[in-house]
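Shown here: entry_31.cif, mmCIF, C-alpha atoms.
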data_my_file
#
loop_
_atom_site.label_atom_id
_atom_site.label_comp_id
_atom_site.auth_asym_id
_atom_site.auth_seq_id
_atom_site.Cartn_x
_atom_site.Cartn_y
_atom_site.Cartn_z
CA MET A 90 60.25 51.64 58.92
CA PHE A 91 58.73 55.12 59.32
CA PHE A 92 57.30 54.08 62.71
CA LEU A 93 60.74 52.87 63.89
CA SER A 94 62.38 56.10 62.75
CA GLY A 95 59.79 58.17 64.61
CA TYR A 96 60.18 56.02 67.71
CA LEU A 97 63.98 56.45 67.70
CA SER A 98 63.59 60.19 67.13
CA GLY A 99 61.32 60.39 70.16
CA LEU A 100 63.80 58.48 72.29
CA LEU A 101 66.59 60.86 71.24
CA ARG A 102 64.45 63.91 72.09
CA SER A 103 63.62 62.41 75.49
CA ALA A 104 67.29 61.63 76.15
CA ALA A 105 68.28 65.16 75.14
CA LEU A 106 65.64 66.62 77.44
CA CYS A 107 66.83 64.45 80.35
CA LEU A 108 70.42 65.48 79.70
CA SER A 109 69.46 69.16 79.63
CA LEU A 110 67.55 68.82 82.91
CA MET A 111 70.47 66.98 84.50
CA LEU A 112 72.95 69.67 83.37
CA LEU A 113 70.63 72.38 84.63
CA SER A 114 70.39 70.62 87.99
CA LEU A 115 74.16 70.30 88.21
CA SER A 116 74.53 73.98 87.33
CA VAL A 117 72.08 75.01 90.06
CA HIS A 118 73.82 72.80 92.62
CA ALA A 119 77.22 74.18 91.57
CA ALA A 120 75.95 77.73 91.95
CA GLU A 121 74.51 76.92 95.37
CA ALA A 122 77.76 75.27 96.45
CA LEU A 123 79.72 78.29 95.26
CA LYS A 124 77.38 80.60 97.14
CA ASP A 125 77.66 78.47 100.26
CA ASN A 126 81.45 78.78 100.16
CA THR A 127 81.55 82.58 99.93
CA TYR A 128 81.58 85.08 102.73
CA GLN A 129 81.07 88.84 102.67
CA LEU A 130 84.23 90.78 103.50
CA ASN A 131 83.76 94.51 104.16
CA TYR A 132 86.44 97.11 104.81
CA LEU A 133 85.20 100.33 106.40
CA VAL A 134 87.83 103.08 106.45
CA LYS A 135 87.37 106.35 108.32
CA LEU A 136 90.10 108.83 107.43
CA ILE A 137 91.22 110.99 110.39
CA PRO A 138 93.38 113.92 109.19
CA GLU A 139 94.23 115.20 112.69
CA ARG A 140 95.90 111.85 113.42
CA GLU A 141 97.38 111.49 109.91
CA GLY A 142 95.81 108.08 109.55
CA ALA A 143 92.65 106.02 109.49
CA SER A 144 90.42 103.91 111.66
CA VAL A 145 89.74 100.59 109.93
CA GLN A 146 87.01 98.02 110.53
CA ILE A 147 87.19 94.59 108.88
CA SER A 148 83.82 92.80 108.95
CA ILE A 149 83.20 89.19 107.95
CA ASP A 150 79.71 87.71 107.92
CA ASN A 151 80.68 84.04 108.29
CA GLY A 152 83.49 83.14 110.65
CA SER A 153 82.81 79.44 110.13
CA LEU A 154 84.31 79.73 106.62
CA LEU A 155 87.24 82.01 107.46
CA ARG A 156 88.32 80.56 110.77
CA LYS A 157 91.40 82.58 111.65
CA LEU A 158 94.01 84.95 110.28
CA ARG A 159 97.43 86.24 111.23
CA PHE A 160 99.39 89.37 110.33
CA ASP A 161 102.71 90.93 111.25
CA ASN A 162 102.92 94.15 113.25
CA ALA A 163 106.69 94.24 113.76
CA ASP A 164 106.88 97.94 112.88
CA GLY A 165 104.05 98.80 115.25
CA VAL A 166 102.10 100.45 112.43
CA TYR A 167 98.77 99.10 113.66
CA SER A 168 97.48 100.16 117.06
CA GLU A 169 94.27 100.04 119.13
CA ILE A 170 93.64 96.52 117.77
CA GLN A 171 90.37 94.99 118.94
CA GLY A 172 88.20 92.12 117.74
CA ASN A 173 85.50 89.73 118.80
CA GLY A 174 86.24 86.02 118.88
CA LYS A 175 89.74 85.33 120.23
CA LEU A 176 92.40 87.99 119.63
CA THR A 177 96.01 87.29 120.61
CA ILE A 178 98.97 89.64 120.14
CA LYS A 179 102.32 87.95 120.78
CA ASN A 180 105.85 88.84 119.65
CA LYS A 181 104.38 91.57 117.44
CA GLN A 182 102.25 89.00 115.64
CA VAL A 183 98.46 89.39 115.60
CA PHE A 184 96.36 86.20 115.70
CA TRP A 185 92.60 86.43 115.29
CA GLU A 186 90.30 83.44 115.69
CA LEU A 187 86.91 84.47 114.33
CA PRO A 188 83.57 83.74 115.98
CA ALA A 189 81.24 81.49 113.98
CA GLY A 190 78.84 84.30 113.04
CA ASP A 191 79.56 87.97 112.34
CA ALA A 192 83.17 88.88 113.01
CA LYS A 193 84.74 92.31 113.41
CA LEU A 194 88.34 93.49 113.77
CA THR A 195 89.21 97.16 114.26
CA TYR A 196 92.48 99.08 114.48
CA PHE A 197 94.10 102.45 113.79
CA VAL A 198 96.87 102.88 111.22
CA LYS A 199 99.06 105.94 110.72
CA LEU A 200 99.36 106.52 106.98
CA THR A 201 101.77 109.45 106.68
CA HIS A 202 105.19 107.97 105.93
CA GLU A 203 108.56 109.66 105.42
CA ARG A 204 110.55 107.81 102.74
CA SER A 205 113.65 109.94 103.27
CA GLU A 206 114.27 113.10 105.28
CA GLY A 207 111.58 115.61 104.39
CA LYS A 208 110.19 113.45 101.52
CA PHE A 209 107.00 111.41 101.85
CA ASP A 210 105.64 108.44 99.91
CA ALA A 211 102.31 108.64 101.79
CA ARG A 212 100.73 111.70 103.35
CA VAL A 213 97.55 112.76 105.13
CA THR A 214 96.92 116.51 105.42
CA LYS A 215 93.95 118.58 106.57
CA GLU A 216 92.66 118.72 102.99
CA TRP A 217 93.70 115.45 101.33
CA ALA A 218 95.21 112.00 101.75
CA LEU A 219 97.46 110.07 99.38
CA PHE A 220 98.54 106.54 100.35
CA ARG A 221 98.60 102.87 99.37
CA GLY A 222 96.02 100.30 100.35
CA ASP A 223 98.96 97.97 101.03
CA ASP A 224 99.65 100.10 104.14
CA LEU A 225 95.99 100.54 105.03
CA ILE A 226 95.24 96.80 105.17
CA PRO A 227 98.00 94.42 106.34
CA SER A 228 99.04 91.37 104.35
CA VAL A 229 97.40 88.47 106.15
CA GLU A 230 97.81 84.72 106.32
CA THR A 231 94.36 83.14 106.37
CA PHE A 232 93.00 79.77 107.49
CA GLU A 233 89.70 79.00 105.82
CA VAL A 234 87.49 76.08 104.87
CA SER A 235 88.67 74.46 101.64
CA GLY A 236 87.16 76.30 98.66
CA ALA A 237 85.99 79.30 100.70
CA ARG A 238 86.49 82.71 99.15
CA ALA A 239 85.57 86.30 99.87
CA ILE A 240 83.26 88.77 98.16
CA ALA A 241 84.83 92.05 99.21
CA LYS A 242 83.96 95.73 99.27
CA LEU A 243 85.84 98.81 100.48
CA GLU A 244 83.94 101.81 101.87
CA PHE A 245 85.32 105.19 102.94
CA ILE A 246 83.95 107.61 105.51
CA LEU A 247 85.45 110.97 104.60
CA PRO A 248 85.98 114.00 106.85
CA GLU A 249 83.50 116.83 106.50
CA GLY A 250 84.33 118.96 103.46
CA TRP A 251 86.20 116.21 101.63
CA PRO A 252 84.24 115.73 98.39
CA GLY A 253 85.69 112.55 96.91
CA VAL A 254 87.91 109.48 96.91
CA GLU A 255 89.51 107.45 94.12
CA THR A 256 91.19 104.03 94.00
CA GLY A 257 92.43 101.63 91.35
CA TRP A 258 89.36 99.41 91.96
CA PRO A 259 85.95 99.65 90.21
CA ARG A 260 83.47 101.89 91.98
CA ASP A 261 80.24 100.29 93.18
CA LYS A 262 78.49 103.47 94.26
CA GLY A 263 79.41 106.61 96.15
CA ASN A 264 82.54 105.94 98.19
CA VAL A 265 82.23 102.15 97.90
CA PHE A 266 84.58 100.06 95.71
CA ILE A 267 84.45 96.42 94.60
CA ILE A 268 87.60 94.49 95.52
CA ASP A 269 88.04 91.41 93.34
CA ASN A 270 91.51 89.91 92.98
CA PRO A 271 91.36 86.46 91.28
CA GLU A 272 94.81 85.67 92.66
CA ARG A 273 93.61 85.82 96.25
CA LEU A 274 90.89 84.03 98.25
CA PHE A 275 90.99 86.88 100.79
CA ASP A 276 90.68 90.01 98.65
CA ARG A 277 92.91 92.82 99.89
CA PRO A 278 92.47 96.39 98.56
CA ILE A 279 96.03 97.16 97.50
CA GLY A 280 97.27 99.97 95.26
CA TRP A 281 97.30 103.77 95.38
CA MET A 282 94.36 105.69 96.86
CA ILE A 283 93.61 109.40 97.05
CA ALA A 284 90.89 111.31 98.88
CA GLY A 285 89.83 114.81 99.84
CA LYS A 286 89.88 118.01 97.82
CA ILE A 287 91.16 116.44 94.63
CA GLY A 288 90.86 116.99 90.91
CA THR A 289 90.40 114.01 88.58
CA ARG A 290 90.30 113.62 84.80
CA ARG A 291 88.87 110.42 83.34
CA ALA A 292 88.80 108.64 79.99
CA THR A 293 88.12 105.16 78.66
CA VAL A 294 90.89 103.95 76.34
CA ASN A 295 90.55 100.54 74.69
CA LYS A 296 88.12 99.29 77.38
CA THR A 297 90.33 100.50 80.23
CA SER A 298 88.91 103.13 82.56
CA ILE A 299 91.76 105.58 83.29
CA ALA A 300 91.67 108.16 86.08
CA VAL A 301 94.42 110.73 86.66
CA SER A 302 94.05 112.38 90.05
CA ALA A 303 95.89 114.81 92.31
CA PRO A 304 95.15 117.17 95.19
CA ALA A 305 93.75 120.49 93.98
CA GLY A 306 96.52 122.93 93.08
CA GLU A 307 99.31 120.33 93.18
CA GLY A 308 100.31 120.83 89.54
CA LEU A 309 99.92 117.34 88.07
CA ARG A 310 99.23 117.66 84.33
CA ARG A 311 96.17 115.45 84.19
CA MET A 312 95.06 116.13 80.62
CA ASP A 313 98.63 115.75 79.33
CA ALA A 314 98.75 112.27 80.86
CA LEU A 315 95.36 111.24 79.42
CA THR A 316 96.38 112.46 75.94
CA PHE A 317 99.65 110.56 76.29
CA PHE A 318 97.81 107.34 77.15
CA ASN A 319 95.45 107.68 74.19
CA PHE A 320 98.14 107.30 71.54
CA VAL A 321 100.48 104.88 73.35
CA TRP A 322 97.88 102.50 74.83
CA PRO A 323 97.57 100.18 71.78
CA GLU A 324 101.33 99.56 71.93
CA VAL A 325 101.15 98.86 75.67
CA HIS A 326 98.51 96.20 75.04
CA SER A 327 100.44 94.73 72.11
CA ALA A 328 103.64 94.41 74.15
CA PHE A 329 102.21 92.96 77.36
CA ASN A 330 98.92 91.45 76.14
CA VAL A 331 96.98 92.81 79.13
CA THR A 332 94.09 95.23 79.32
CA PRO A 333 93.13 96.10 82.90
CA LYS A 334 89.61 97.25 83.71
CA LYS A 335 90.91 100.31 85.53
CA LEU A 336 94.10 102.33 85.96
CA LEU A 337 94.65 105.09 88.50
CA VAL A 338 97.51 107.58 88.21
CA VAL A 339 98.07 109.85 91.20
CA GLY A 340 100.53 112.62 91.84
CA ALA A 341 101.41 115.56 94.09
CA ASP A 342 104.07 118.23 94.62
CA ASP A 343 106.72 118.52 97.34
CA PRO A 344 107.13 117.30 100.01
CA MET A 345 106.05 114.09 98.30
CA TRP A 346 108.96 111.94 97.14
CA ARG A 347 110.38 113.11 93.79
CA GLY A 348 110.00 109.99 91.72
CA GLY A 349 107.58 107.32 90.59
CA LEU A 350 106.18 104.32 92.43
CA SER A 351 104.01 101.61 90.90
CA ALA A 352 101.41 99.26 92.38
CA SER A 353 99.40 96.43 90.82
CA ASN A 354 96.57 98.64 89.52
CA SER A 355 97.89 102.17 89.93
CA LEU A 356 100.99 104.33 90.04
CA PHE A 357 102.33 107.51 91.63
CA LEU A 358 104.30 110.17 89.76
CA HIS A 359 105.56 113.37 91.36
CA SER A 360 103.96 116.42 89.75
CA ASP A 361 107.37 117.76 88.78
CA ARG A 362 108.32 114.66 86.79
CA PRO A 363 107.90 115.07 83.01
CA LEU A 364 105.95 112.61 80.88
CA VAL A 365 109.12 112.30 78.79
CA SER A 366 112.55 113.20 80.17
CA GLU A 367 115.22 115.10 78.24
CA ASN A 368 117.11 111.85 77.65
CA GLY A 369 114.06 110.48 75.78
CA THR A 370 112.83 108.00 78.39
CA SER A 371 109.39 108.30 79.97
CA PRO A 372 109.03 108.12 83.79
CA LEU A 373 105.30 107.48 83.32
CA LEU A 374 105.83 104.53 80.96
CA HIS A 375 108.62 103.22 83.19
CA GLU A 376 106.23 102.93 86.14
CA LEU A 377 103.43 101.68 83.89
CA THR A 378 105.70 98.84 82.71
CA HIS A 379 106.42 97.91 86.33
CA MET A 380 102.69 97.93 87.01
CA PHE A 381 101.79 95.71 84.06
CA THR A 382 104.68 93.23 84.18
CA ARG A 383 105.06 93.02 87.99
CA ILE A 384 108.54 91.61 87.33
CA ARG A 385 111.02 91.71 90.22
CA GLY A 386 114.64 90.68 90.23
CA ALA A 387 115.63 87.61 92.24
CA THR A 388 118.43 88.06 94.76
CA THR A 389 120.91 85.70 96.40
CA ALA A 390 123.84 86.19 98.74
CA LYS A 391 126.10 86.85 95.75
CA THR A 392 123.86 88.21 93.00
CA ASN A 393 121.10 90.77 92.54
CA ASP A 394 119.04 90.57 89.36
CA ASP A 395 117.15 93.80 89.98
CA TRP A 396 118.75 94.98 86.73
CA ILE A 397 116.28 92.78 84.79
CA ALA A 398 113.16 94.46 86.23
CA GLU A 399 114.57 97.98 86.03
CA GLY A 400 116.14 97.41 82.62
CA ILE A 401 112.88 96.12 81.14
CA ALA A 402 110.92 99.06 82.59
CA GLU A 403 113.40 101.59 81.20
CA PHE A 404 113.62 99.84 77.82
CA TYR A 405 109.86 100.04 77.29
CA SER A 406 109.78 103.62 78.60
CA PHE A 407 111.05 104.75 75.18
CA GLU A 408 110.39 101.66 73.02
CA LEU A 409 106.61 102.00 73.41
CA LEU A 410 106.85 105.67 72.42
CA TYR A 411 108.89 104.73 69.37
CA ARG A 412 106.37 102.07 68.30
CA ALA A 413 103.53 104.59 68.72
CA ASP A 414 105.36 106.98 66.34
CA GLY A 415 106.14 109.29 69.21
CA MET A 416 109.76 109.52 68.05
CA THR A 417 111.91 108.77 65.01
CA LYS A 418 114.30 105.87 64.61
CA ALA A 419 117.18 108.36 64.76
CA ARG A 420 115.93 109.63 68.13
CA ARG A 421 115.63 106.08 69.44
CA THR A 422 119.21 105.34 68.38
CA LYS A 423 120.36 108.51 70.13
CA ILE A 424 118.59 107.47 73.34
CA VAL A 425 120.32 104.07 73.43
CA LYS A 426 123.66 105.72 72.71
CA GLY A 427 123.11 108.17 75.57
CA LEU A 428 122.28 105.34 77.95
CA ALA A 429 125.40 103.46 76.84
CA GLU A 430 127.54 106.51 77.67
CA TRP A 431 125.84 106.90 81.07
CA GLY A 432 126.52 103.26 81.95
CA ALA A 433 129.98 103.04 80.38
CA ASP A 434 131.77 102.60 83.70
CA VAL A 435 129.52 99.77 84.90
CA LYS A 436 131.43 96.48 85.10
CA HIS A 437 128.78 94.16 86.56
CA LEU A 438 124.99 94.30 86.37
CA ARG A 439 124.30 91.68 89.05
CA ALA A 440 126.34 93.12 91.90
CA THR A 441 124.10 95.85 93.33
CA LYS A 442 120.55 97.15 93.31
CA SER A 443 119.88 98.63 89.88
CA THR A 444 120.01 102.41 89.96
CA GLY A 445 121.17 105.08 87.52
CA PRO A 446 124.12 103.87 85.42
CA VAL A 447 123.40 100.18 86.14
CA THR A 448 119.87 100.50 84.74
CA ALA A 449 121.17 102.45 81.76
CA ARG A 450 123.69 99.72 80.94
CA ALA A 451 121.03 97.04 81.44
CA VAL A 452 118.85 98.73 78.81
CA VAL A 453 121.68 98.61 76.27
CA LEU A 454 122.12 94.87 76.91
CA LEU A 455 118.38 94.25 76.57
CA ASP A 456 118.31 96.25 73.35
CA GLU A 457 121.08 93.99 72.02
CA LEU A 458 119.08 90.95 73.14
CA ASP A 459 115.98 92.25 71.36
CA LYS A 460 117.94 92.65 68.12
CA GLU A 461 119.42 89.16 68.44
CA ILE A 462 115.98 87.61 69.02
CA ARG A 463 114.53 89.43 66.00
CA LYS A 464 117.44 88.40 63.77
CA ARG A 465 117.59 84.72 64.78
CA SER A 466 113.80 84.27 64.65
CA LYS A 467 113.51 86.17 61.36
CA ASN A 468 111.31 88.76 63.09
CA LYS A 469 108.84 86.18 64.44
CA HIS A 470 109.79 87.09 68.02
CA ASN A 471 111.21 89.97 70.02
CA LEU A 472 111.76 91.02 73.65
CA ASP A 473 107.98 91.19 74.16
CA ASP A 474 107.77 87.40 73.97
CA VAL A 475 110.46 87.04 76.62
CA THR A 476 108.85 89.65 78.86
CA ARG A 477 105.47 87.94 78.73
CA GLN A 478 107.08 84.68 79.89
CA LEU A 479 108.79 86.49 82.77
CA MET A 480 105.48 88.12 83.76
CA VAL A 481 104.20 84.66 84.69
CA ILE A 482 107.24 83.98 86.90
CA ARG A 483 107.40 87.54 88.34
CA LYS A 484 110.44 87.08 90.59
CA VAL A 485 113.04 86.41 87.92
CA SER A 486 116.73 85.59 87.68
CA LEU A 487 119.28 85.61 84.90
CA ASP A 488 118.61 81.90 84.49
CA ASP A 489 114.90 82.61 83.95
CA LEU A 490 115.77 85.25 81.36
CA ARG A 491 118.09 82.85 79.59
CA LYS A 492 115.56 79.98 79.54
CA ALA A 493 112.77 82.25 78.26
CA THR A 494 114.98 83.43 75.42
CA GLU A 495 116.20 79.91 74.57
CA LYS A 496 112.58 78.80 74.10
CA LEU A 497 112.35 81.29 71.25
CA ILE A 498 115.72 81.08 69.50
CA GLY A 499 117.70 78.20 71.03
CA PRO A 500 120.94 78.18 73.07
CA LYS A 501 124.20 80.13 72.77
CA ILE A 502 122.70 83.60 73.15
CA GLU A 503 125.42 86.11 72.48
CA ALA A 504 123.85 89.05 74.34
CA LEU A 505 123.56 86.99 77.54
CA ASN A 506 127.18 85.85 77.31
CA SER A 507 128.31 89.37 78.27
CA PRO A 508 131.08 89.91 80.87
CA LEU A 509 128.56 92.19 82.60
CA LEU A 510 126.67 89.07 83.72
CA LYS A 511 129.58 87.07 85.09
#
Could you render the structure from this file as C-alpha cells?
Amino acid sequence: MFFLSGYLSGLLRSAALCLSLMLLSLSVHAAEALKDNTYQLNYLVKLIPEREGASVQISIDNGSLLRKLRFDNADGVYSEIQGNGKLTIKNKQVFWELPAGDAKLTYFVKLTHERSEGKFDARVTKEWALFRGDDLIPSVETFEVSGARAIAKLEFILPEGWPGVETGWPRDKGNVFIIDNPERLFDRPIGWMIAGKIGTRRATVNKTSIAVSAPAGEGLRRMDALTFFNFVWPEVHSAFNVTPKKLLVVGADDPMWRGGLSASNSLFLHSDRPLVSENGTSPLLHELTHMFTRIRGATTAKTNDDWIAEGIAEFYSFELLYRADGMTKARRTKIVKGLAEWGADVKHLRATKSTGPVTARAVVLLDELDKEIRKRSKNKHNLDDVTRQLMVIRKVSLDDLRKATEKLIGPKIEALNSPLLK
C-alpha cells in the first residue's frame, strides 16, 4: 500500500513538472510571438522658432508589419512631405505605403494657431513653444498585419538656449518620452506640450505624477495649483475611479486664449484664470473633469447634447471642492442658486452648443438628478455612478443618460422629464 502511494505521488510530481514545463514553453512562445508582432515607432521633433513650427520625422523599423497609412491634410497644415516607399498625395489626402525595412516620413508643421482674432491656442515664440501633440502628429488610418502594434517614443531636438520640454507622457530620459496608449495600435503622442525657457513645479499625489508648467514670467500660479490638487485629488479619484500615471497642466498669459482647454492627459489654463471663480466654480476642476471623463455630447440635425458634457464638468467643478471640505453646504447651495438665476431664461438645453447660461441651467438639472438618484437608491448611488457609465460610451446622448440612470433607480425619472429636454 505504501509502495502504491509513493508510486502515485511520483506520477503526480512528474505530471506537475511536465505541466510546468509546458506552460513555460507556451509563455516563451507567446512572448516571442508578441515581440515578433511589434515594431519600433519613433517620433523625432525639431522645434524651429523662426518658422513658428516643427520639422517632424516618423521612423518605423518594420514596414512589413505596418504596411501603409493615410492622413488628411485638407487644411494644408503639413508641408514639405517626403517619405521612402511609395508616397502619394491626392485630393489633400496623404497615402504612404511603407518599404519592407526601415521606413521614414518627414514633414513640416506650423504650430502657432490663432483661435480668434489676436488670441492663440498654440504658439511658438523665440523663447518657448506651447502646443498640442494632436496638431504635431496627424490622426492616421493605419493598415497593419493582424495583431501588430507599436512601441513608440517621442524625442525633441530643442533650439540652442532652450533648457527643457514637458509633455503629459512619462519621460524616458532627457528629452525622450514613452508613448503608450492601450487604446491604439499606432501610438500617437497627443495632449499638451511645452518647451523652451519654462518653469515647472512637480509633485506626486496618490501615485499620479503632476507637473504644472508655464513659460518663465507668464504668471501661472504653479504652487497654488499643486496645493489645490493635494487636497482635492482623493475626491477626484473617488468620483471617476481613475488614477492616471501623469498629469500635465500648462498655462500662459495673453495673447494666449483666455480660457481652459483639456486633452486626454493634460490641460491648458490661461494664467489669468483663477483656481476658483467668484461664483464658486473652479475652471481648473472643470477642465480636469473633461480630461478624466472624456465625455462629449452627441449631436443630430435637430438636437445637441453638448449640455451633458459641459453640465457634468461644471457640476464637478464645485462638487469635488465641496466633498473635499473646500466649502460649506451653505456655499454649495448658494452656488447652485446663482447658476439657476444665470440660466433662468434658458428654455431648451438641447438646441444649441452649451455655453454660459445653458451650461448653468444644465448644472441645476444635474444637481436635481443627483438628489433624485440618492433619494431613490437610499444613498447607494449618486451622479458618480451615472458619469462612470457615460465615460465608457464617451459620445453620449440624452438617451444614454436616461438608460444609465434607469440601471440604478428604474424608469420614470422626474429630473429627466423636464420641459428643458423636450
Hey, which of A:Leu358, A:Ser327, A:Lys460, A:Arg491 ends up closest to Arg412 in chain A? Count all atoms listed in the file. A:Ser327
Starting from the shown file, work through the PyMOL selection byres ((chain A and resi 345) around 8) and note down what comes out as a PDB file with C-alpha atoms, keeping the file's coordinate frame.
ATOM      1  CA  LYS A 208     110.190 113.450 101.520  1.00  0.00           C
ATOM      2  CA  PHE A 209     107.000 111.410 101.850  1.00  0.00           C
ATOM      3  CA  ASP A 210     105.640 108.440  99.910  1.00  0.00           C
ATOM      4  CA  ALA A 211     102.310 108.640 101.790  1.00  0.00           C
ATOM      5  CA  ARG A 212     100.730 111.700 103.350  1.00  0.00           C
ATOM      6  CA  ALA A 341     101.410 115.560  94.090  1.00  0.00           C
ATOM      7  CA  ASP A 342     104.070 118.230  94.620  1.00  0.00           C
ATOM      8  CA  ASP A 343     106.720 118.520  97.340  1.00  0.00           C
ATOM      9  CA  PRO A 344     107.130 117.300 100.010  1.00  0.00           C
ATOM     10  CA  TRP A 346     108.960 111.940  97.140  1.00  0.00           C
ATOM     11  CA  ARG A 347     110.380 113.110  93.790  1.00  0.00           C
ATOM     12  CA  HIS A 359     105.560 113.370  91.360  1.00  0.00           C
TER      13      HIS A 359
END
Taking the file as I've supplied it (selection: the PyMOL selection byres ((chain A and resi 258) around 8)), which residues are included? Please answer as a PyMOL selection string. chain A and resi 256-257+259-260+266-268+278+335+354
Please evaluate the PyMOL selection byres ((chain A and resi 243-254) around 6) against the structure above and give the resulting residues as a PyMOL selection string. chain A and resi 132-136+242+255+264-266+283-286
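Going from CA of Asp434 in chain A to CA of Thr448 in chain A covers 12.1 Å.
Here CA of Asp473 in chain A is placed at a distance of 5.4 Å from CA of Ala328 in chain A.
Among the candidates A:Arg439, A:Lys484, A:Arg221, A:Arg310, the residue lying nearest to Ser507 in chain A is A:Arg439 (atoms considered: all atoms listed in the file).
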Could you tell me how far CA of His326 in chain A sits from CA of Thr494 in chain A, in Å to one decimal place? 20.8 Å
Enclose the full set of atoms of range 450-455 of chain A listed in the file within a box whose edges lie along x, y and z, apply 5 Å of padding to each of the six sides, and report centre and edge lengths in Å to one decimal as lines of an AutoDock Vina configuration file.
center_x = 121.0
center_y = 97.0
center_z = 78.9
size_x = 15.3
size_y = 15.5
size_z = 15.2
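When only C-alpha atoms are used to compute distances to Ala189 in chain A, the closest of the residues A:Pro372, A:Pro333, A:Gly152, A:Gly280 turns out to be A:Gly152.
Every protein, DNA or RNA residue with an atom at most 10 Å from Ile178 in chain A, where all atoms listed in the file count and chain neighbours fewer than 4 positions away do not, is listed here: Arg159, Phe160, Asp161, Asn162, Ile170, Gln182, Val183, Phe184 and Trp185 of chain A.
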Up to 10 Å from (97.6, 104.3, 76.7) in the file's coordinates: name the residues, counting all atoms listed in the file, as a PDB file with C-alpha atoms, keeping the file's coordinate frame.
ATOM      1  CA  THR A 293      88.120 105.160  78.660  1.00  0.00           C
ATOM      2  CA  VAL A 294      90.890 103.950  76.340  1.00  0.00           C
ATOM      3  CA  ASN A 295      90.550 100.540  74.690  1.00  0.00           C
ATOM      4  CA  THR A 297      90.330 100.500  80.230  1.00  0.00           C
ATOM      5  CA  ILE A 299      91.760 105.580  83.290  1.00  0.00           C
ATOM      6  CA  ALA A 314      98.750 112.270  80.860  1.00  0.00           C
ATOM      7  CA  LEU A 315      95.360 111.240  79.420  1.00  0.00           C
ATOM      8  CA  THR A 316      96.380 112.460  75.940  1.00  0.00           C
ATOM      9  CA  PHE A 317      99.650 110.560  76.290  1.00  0.00           C
ATOM     10  CA  PHE A 318      97.810 107.340  77.150  1.00  0.00           C
ATOM     11  CA  ASN A 319      95.450 107.680  74.190  1.00  0.00           C
ATOM     12  CA  PHE A 320      98.140 107.300  71.540  1.00  0.00           C
ATOM     13  CA  VAL A 321     100.480 104.880  73.350  1.00  0.00           C
ATOM     14  CA  TRP A 322      97.880 102.500  74.830  1.00  0.00           C
ATOM     15  CA  PRO A 323      97.570 100.180  71.780  1.00  0.00           C
ATOM     16  CA  GLU A 324     101.330  99.560  71.930  1.00  0.00           C
ATOM     17  CA  VAL A 325     101.150  98.860  75.670  1.00  0.00           C
ATOM     18  CA  HIS A 326      98.510  96.200  75.040  1.00  0.00           C
ATOM     19  CA  LEU A 374     105.830 104.530  80.960  1.00  0.00           C
ATOM     20  CA  LEU A 377     103.430 101.680  83.890  1.00  0.00           C
ATOM     21  CA  LEU A 409     106.610 102.000  73.410  1.00  0.00           C
ATOM     22  CA  ALA A 413     103.530 104.590  68.720  1.00  0.00           C
TER      23      ALA A 413
END
A:Ser486, A:Thr444, A:Thr231, A:Ser355: which is nearest Asp394 in chain A, counting all atoms listed in the file? A:Ser486
Kindly indicate which residue among A:Ile137, A:Ala241, A:Ile502, A:Ile287 lies nearest to Asn270 in chain A, using all atoms listed in the file for the distances. A:Ala241
